[in-house]
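Undergrad: What follows is target_21.cif, made up of mmCIF, C-alpha atoms:
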data_structure
#
loop_
_atom_site.group_PDB
_atom_site.id
_atom_site.type_symbol
_atom_site.label_atom_id
_atom_site.label_comp_id
_atom_site.auth_asym_id
_atom_site.auth_seq_id
_atom_site.Cartn_x
_atom_site.Cartn_y
_atom_site.Cartn_z
ATOM 1 C CA MET A 730 130.197 -86.573 26.383
ATOM 2 C CA LEU A 731 126.667 -85.338 25.478
ATOM 3 C CA ASN A 732 123.740 -87.614 26.273
ATOM 4 C CA THR A 733 121.841 -87.760 22.941
ATOM 5 C CA LYS A 734 119.102 -90.042 24.266
ATOM 6 C CA ALA A 735 117.504 -87.108 26.119
ATOM 7 C CA TYR A 736 116.891 -85.098 22.923
ATOM 8 C CA THR A 737 114.657 -85.555 19.925
ATOM 9 C CA THR A 738 114.777 -84.343 16.370
ATOM 10 C CA GLY A 739 111.112 -85.127 15.752
ATOM 11 C CA PRO A 740 108.642 -82.374 14.978
ATOM 12 C CA VAL A 741 106.897 -80.582 17.806
ATOM 13 C CA GLU A 742 103.169 -81.233 17.726
ATOM 14 C CA GLU A 743 100.565 -78.692 18.739
ATOM 15 C CA SER A 744 98.352 -79.813 21.604
ATOM 16 C CA LYS A 745 94.810 -80.716 20.564
ATOM 17 C CA ASP A 746 93.570 -80.352 24.154
ATOM 18 C CA VAL A 747 91.170 -77.401 24.181
ATOM 19 C CA THR A 748 89.587 -78.086 27.561
ATOM 20 C CA ASN A 749 91.350 -75.097 29.143
ATOM 21 C CA ILE A 750 90.510 -72.648 26.379
ATOM 22 C CA ARG A 751 87.568 -70.373 27.126
ATOM 23 C CA PRO A 752 86.313 -67.851 24.610
ATOM 24 C CA GLU A 753 85.798 -64.197 25.407
ATOM 25 C CA TRP A 754 82.722 -63.995 23.157
ATOM 26 C CA ILE A 755 80.421 -66.670 21.749
ATOM 27 C CA ARG A 756 77.832 -66.536 18.970
ATOM 28 C CA LEU A 757 74.227 -67.581 19.196
ATOM 29 C CA PRO A 758 73.825 -71.139 17.913
ATOM 30 C CA GLN A 759 71.925 -71.783 14.702
ATOM 31 C CA PRO A 760 68.135 -72.225 15.115
ATOM 32 C CA GLY A 761 67.347 -75.690 16.466
ATOM 33 C CA LEU A 762 70.848 -76.207 17.873
ATOM 34 C CA ARG A 763 72.333 -75.766 21.329
ATOM 35 C CA CYS A 764 75.310 -73.675 22.396
ATOM 36 C CA HIS A 765 78.583 -75.548 21.895
ATOM 37 C CA TRP A 766 80.018 -74.188 25.176
ATOM 38 C CA THR A 767 77.056 -74.433 27.555
ATOM 39 C CA GLY A 768 74.427 -76.691 25.993
ATOM 40 C CA ILE A 769 71.801 -73.968 26.395
ATOM 41 C CA SER A 770 69.233 -73.625 23.608
ATOM 42 C CA ARG A 771 69.108 -70.590 21.328
ATOM 43 C CA SER A 772 65.722 -69.503 22.712
ATOM 44 C CA ALA A 773 66.944 -69.725 26.321
ATOM 45 C CA LEU A 774 70.025 -67.665 25.417
ATOM 46 C CA ASN A 775 67.807 -65.066 23.751
ATOM 47 C CA GLN A 776 65.801 -64.734 26.982
ATOM 48 C CA LEU A 777 69.050 -64.072 28.853
ATOM 49 C CA ILE A 778 70.527 -61.531 26.419
ATOM 50 C CA LEU A 779 67.544 -59.582 25.071
ATOM 51 C CA PRO A 780 65.349 -57.197 27.077
ATOM 52 C CA GLY A 781 61.888 -58.585 27.710
ATOM 53 C CA PRO A 782 59.176 -59.191 30.295
ATOM 54 C CA ALA A 783 60.962 -62.261 31.692
ATOM 55 C CA ASN A 784 63.925 -60.129 32.806
ATOM 56 C CA GLY A 785 62.147 -56.831 33.475
ATOM 57 C CA GLY A 786 63.704 -55.221 30.415
ATOM 58 C CA ARG A 787 67.214 -55.674 31.843
ATOM 59 C CA PRO A 788 69.042 -58.684 30.372
ATOM 60 C CA PRO A 789 71.229 -60.438 32.968
ATOM 61 C CA VAL A 790 73.856 -61.450 30.379
ATOM 62 C CA VAL A 791 75.933 -58.979 28.355
ATOM 63 C CA SER A 792 75.733 -59.192 24.565
ATOM 64 C CA TYR A 793 76.415 -56.943 21.593
ATOM 65 C CA CYS A 794 75.209 -56.917 18.026
ATOM 66 C CA LEU A 795 77.858 -56.235 15.393
ATOM 67 C CA ARG A 796 76.112 -54.735 12.410
ATOM 68 C CA GLN A 797 77.363 -53.059 9.267
ATOM 69 C CA LYS A 798 76.085 -49.564 8.652
ATOM 70 C CA GLY A 799 72.699 -49.586 6.939
ATOM 71 C CA LYS A 800 72.066 -53.308 7.545
ATOM 72 C CA LYS A 801 69.089 -54.675 9.491
ATOM 73 C CA THR A 802 70.796 -57.796 10.803
ATOM 74 C CA GLY A 803 74.139 -58.437 12.411
ATOM 75 C CA ILE A 804 76.105 -60.936 14.473
ATOM 76 C CA ARG A 805 75.037 -61.283 18.115
ATOM 77 C CA LEU A 806 78.029 -61.850 20.401
ATOM 78 C CA ILE A 807 77.516 -63.002 23.983
ATOM 79 C CA SER A 808 80.030 -62.384 26.751
ATOM 80 C CA TYR A 809 81.090 -65.856 27.854
ATOM 81 C CA ASP A 810 82.205 -64.613 31.285
ATOM 82 C CA SER A 811 78.895 -62.842 31.848
ATOM 83 C CA LEU A 812 76.969 -65.971 30.840
ATOM 84 C CA ARG A 813 79.120 -68.212 33.040
ATOM 85 C CA LYS A 814 78.698 -65.883 36.049
ATOM 86 C CA HIS A 815 74.932 -65.840 35.534
ATOM 87 C CA ILE A 816 74.807 -69.637 35.377
ATOM 88 C CA GLU A 817 76.941 -70.004 38.526
ATOM 89 C CA ALA A 818 74.876 -67.400 40.427
ATOM 90 C CA ASN A 819 71.635 -69.211 39.568
ATOM 91 C CA GLN A 820 72.649 -72.825 39.957
ATOM 92 C CA VAL A 821 70.432 -75.076 42.024
ATOM 93 C CA ASP A 822 71.698 -77.793 44.304
ATOM 94 C CA TRP A 823 69.293 -80.566 43.270
ATOM 95 C CA GLN A 824 70.340 -82.860 46.096
ATOM 96 C CA LYS A 825 69.414 -80.321 48.786
ATOM 97 C CA GLU A 826 66.263 -79.210 46.980
ATOM 98 C CA GLY A 827 65.010 -82.788 46.630
ATOM 99 C CA LYS A 828 65.230 -83.525 50.372
#
Would you mind giving the structure from this file in structure tokens?
TA:
Amino acid sequence: MLNTKAYTTGPVEESKDVTNIRPEWIRLPQPGLRCHWTGISRSALNQLILPGPANGGRPPVVSYCLRQKGKKTGIRLISYDSLRKHIEANQVDWQKEGK
């Protein structure tokens, strides 16, 4: 005889847990807001992704601008992996530094 207590006929629900999902690309946050994924401000992200005197003209984080032909503005996409690697490579151990 089949054990029917081990089965369900209820609907399968999609998991709402997004803690393990990491994006491949992220957008710059709106002015005045911080990045949803890292908490870094828009201006700090711009210093990491755009060439300038602070980075010797070589941005440490990979980004691309998607722009339609003939348009002046576009969507700036930042490589999440590149940003994460930069953060990990430049982290400071505050406990050791404070001693």
Undergrad: So that I can see what lies close to stretch 807-809 of chain A, please list as a ChimeraX atom specification the residues with an atom at most 8 Å from it, counting only C-alpha atoms and leaving out residues fewer than 6 positions away in the same chain.
TA: /A:751-757,778,790-793
Undergrad: Filtering to C-alpha atoms, could you give me those residues as a PDB file, keeping the file's coordinate frame?
TA:
ATOM      1  CA  ARG A 751      87.568 -70.373  27.126  1.00  0.00           C
ATOM      2  CA  PRO A 752      86.313 -67.851  24.610  1.00  0.00           C
ATOM      3  CA  GLU A 753      85.798 -64.197  25.407  1.00  0.00           C
ATOM      4  CA  TRP A 754      82.722 -63.995  23.157  1.00  0.00           C
ATOM      5  CA  ILE A 755      80.421 -66.670  21.749  1.00  0.00           C
ATOM      6  CA  ARG A 756      77.832 -66.536  18.970  1.00  0.00           C
ATOM      7  CA  LEU A 757      74.227 -67.581  19.196  1.00  0.00           C
ATOM      8  CA  ILE A 778      70.527 -61.531  26.419  1.00  0.00           C
ATOM      9  CA  VAL A 790      73.856 -61.450  30.379  1.00  0.00           C
ATOM     10  CA  VAL A 791      75.933 -58.979  28.355  1.00  0.00           C
ATOM     11  CA  SER A 792      75.733 -59.192  24.565  1.00  0.00           C
ATOM     12  CA  TYR A 793      76.415 -56.943  21.593  1.00  0.00           C
TER      13      TYR A 793
END
Undergrad: What does the distance between atom CA of A:Thr767 and atom CA of A:Ile804 come to in Å, to one decimal place?
TA: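 Here the two named atoms are 18.8 Å from each other.
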Undergrad: In Å, with one decimal, what is the gap from atom CA of A:Leu806 to atom CA of A:Pro758?
TA: 10.5 Å
Undergrad: Kindly indicate which residue among A:Pro740, A:Lys800, A:Arg805, A:Leu762 lies nearest to A:Asn775, using all atoms listed in the file for the distances.
TA: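 Closest candidate: A:Arg805.
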Undergrad: Using the file's own x, y and z axes, what box holds all listed atoms of stretch 796-799 of chain A with 6 Å on each side, keeping edges along x, y and z, and what are its centre and edge lengths in Å to one decimal, as lines of an AutoDock Vina configuration file?
TA:
center_x = 75.0
center_y = -52.1
center_z = 9.7
size_x = 16.7
size_y = 17.2
size_z = 17.5
Undergrad: Apply the PyMOL selection byres ((chain A and resi 788) around 6) to the file shown and report the selected residues as an MDAnalysis selection string.
TA: chainID A and resid 777:780 784 787 789:790
Undergrad: Suppose you want the space between atom CA of A:Cys764 and atom CA of A:Lys798; what is it in Å?
TA: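 Calculated distance between atom CA of A:Cys764 and atom CA of A:Lys798 is 27.8 Å.
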Undergrad: Out of A:Asn819, A:Gln797, A:Gly785, A:Asp810, which residue has the shortest atom-to-atom distance to A:Trp766 when counting all atoms listed in the file?
TA: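 Among the listed residues, A:Asp810 lies closest to A:Trp766.
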Undergrad: Taking into account all atoms listed in the file, which residue in the set A:Lys801, A:Gln759, A:Gly739, A:Arg796 is nearest to A:Arg771?
TA: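 So, comparing all the options, the nearest one is A:Gln759.
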Undergrad: Because the input lacks atoms here, generate N, CA and C atoms for stretch 781-806 of chain A and report them as a compact mmCIF listing (two decimals), in the frame of the given file.
TA:
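Dumped to rebuild-v7.txt:
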# COMPACT_ATOMS: atom_id res chain seq x y z
N GLY A 781 63.25 -58.07 27.85
CA GLY A 781 61.89 -58.58 27.71
C GLY A 781 61.20 -58.67 29.05
N PRO A 782 59.93 -59.11 29.04
CA PRO A 782 59.18 -59.19 30.30
C PRO A 782 59.76 -60.19 31.29
N ALA A 783 60.40 -61.24 30.80
CA ALA A 783 60.96 -62.26 31.69
C ALA A 783 62.10 -61.71 32.55
N ASN A 784 62.80 -60.68 32.05
CA ASN A 784 63.92 -60.13 32.81
C ASN A 784 63.70 -58.65 33.17
N GLY A 785 62.46 -58.20 33.10
CA GLY A 785 62.15 -56.83 33.48
C GLY A 785 62.79 -55.78 32.59
N GLY A 786 63.09 -56.15 31.35
CA GLY A 786 63.70 -55.22 30.42
C GLY A 786 65.20 -55.03 30.62
N ARG A 787 65.78 -55.78 31.56
CA ARG A 787 67.21 -55.67 31.84
C ARG A 787 67.85 -57.05 31.71
N PRO A 788 68.45 -57.36 30.57
CA PRO A 788 69.04 -58.68 30.37
C PRO A 788 70.17 -58.95 31.37
N PRO A 789 70.19 -60.13 31.98
CA PRO A 789 71.23 -60.44 32.97
C PRO A 789 72.58 -60.80 32.35
N VAL A 790 72.62 -61.06 31.05
CA VAL A 790 73.86 -61.45 30.38
C VAL A 790 74.20 -60.41 29.32
N VAL A 791 75.46 -60.01 29.29
CA VAL A 791 75.93 -58.98 28.36
C VAL A 791 76.07 -59.55 26.94
N SER A 792 75.56 -58.81 25.97
CA SER A 792 75.73 -59.19 24.56
C SER A 792 75.76 -57.93 23.71
N TYR A 793 76.34 -58.05 22.54
CA TYR A 793 76.42 -56.94 21.59
C TYR A 793 76.07 -57.45 20.21
N CYS A 794 75.51 -56.57 19.41
CA CYS A 794 75.21 -56.92 18.03
C CYS A 794 76.17 -56.14 17.13
N LEU A 795 76.97 -56.86 16.37
CA LEU A 795 77.86 -56.24 15.39
C LEU A 795 77.11 -56.15 14.08
N ARG A 796 76.91 -54.94 13.60
CA ARG A 796 76.11 -54.74 12.41
C ARG A 796 76.82 -53.73 11.51
N GLN A 797 76.82 -54.01 10.23
CA GLN A 797 77.36 -53.06 9.27
C GLN A 797 76.38 -51.91 9.09
N LYS A 798 76.92 -50.75 8.82
CA LYS A 798 76.08 -49.56 8.65
C LYS A 798 75.04 -49.79 7.57
N GLY A 799 73.79 -49.46 7.90
CA GLY A 799 72.70 -49.59 6.94
C GLY A 799 72.07 -50.96 6.86
N LYS A 800 72.61 -51.94 7.57
CA LYS A 800 72.07 -53.31 7.54
C LYS A 800 71.08 -53.51 8.68
N LYS A 801 70.08 -54.38 8.46
CA LYS A 801 69.09 -54.68 9.49
C LYS A 801 69.56 -55.76 10.45
N THR A 802 70.36 -56.68 9.97
CA THR A 802 70.80 -57.80 10.80
C THR A 802 72.29 -57.70 11.06
N GLY A 803 72.72 -58.42 12.07
CA GLY A 803 74.14 -58.44 12.41
C GLY A 803 74.48 -59.74 13.11
N ILE A 804 75.64 -59.76 13.74
CA ILE A 804 76.10 -60.94 14.47
C ILE A 804 75.97 -60.63 15.96
N ARG A 805 75.22 -61.46 16.67
CA ARG A 805 75.04 -61.28 18.11
C ARG A 805 76.16 -62.02 18.84
N LEU A 806 76.94 -61.27 19.61
CA LEU A 806 78.03 -61.85 20.40
C LEU A 806 77.66 -61.79 21.88
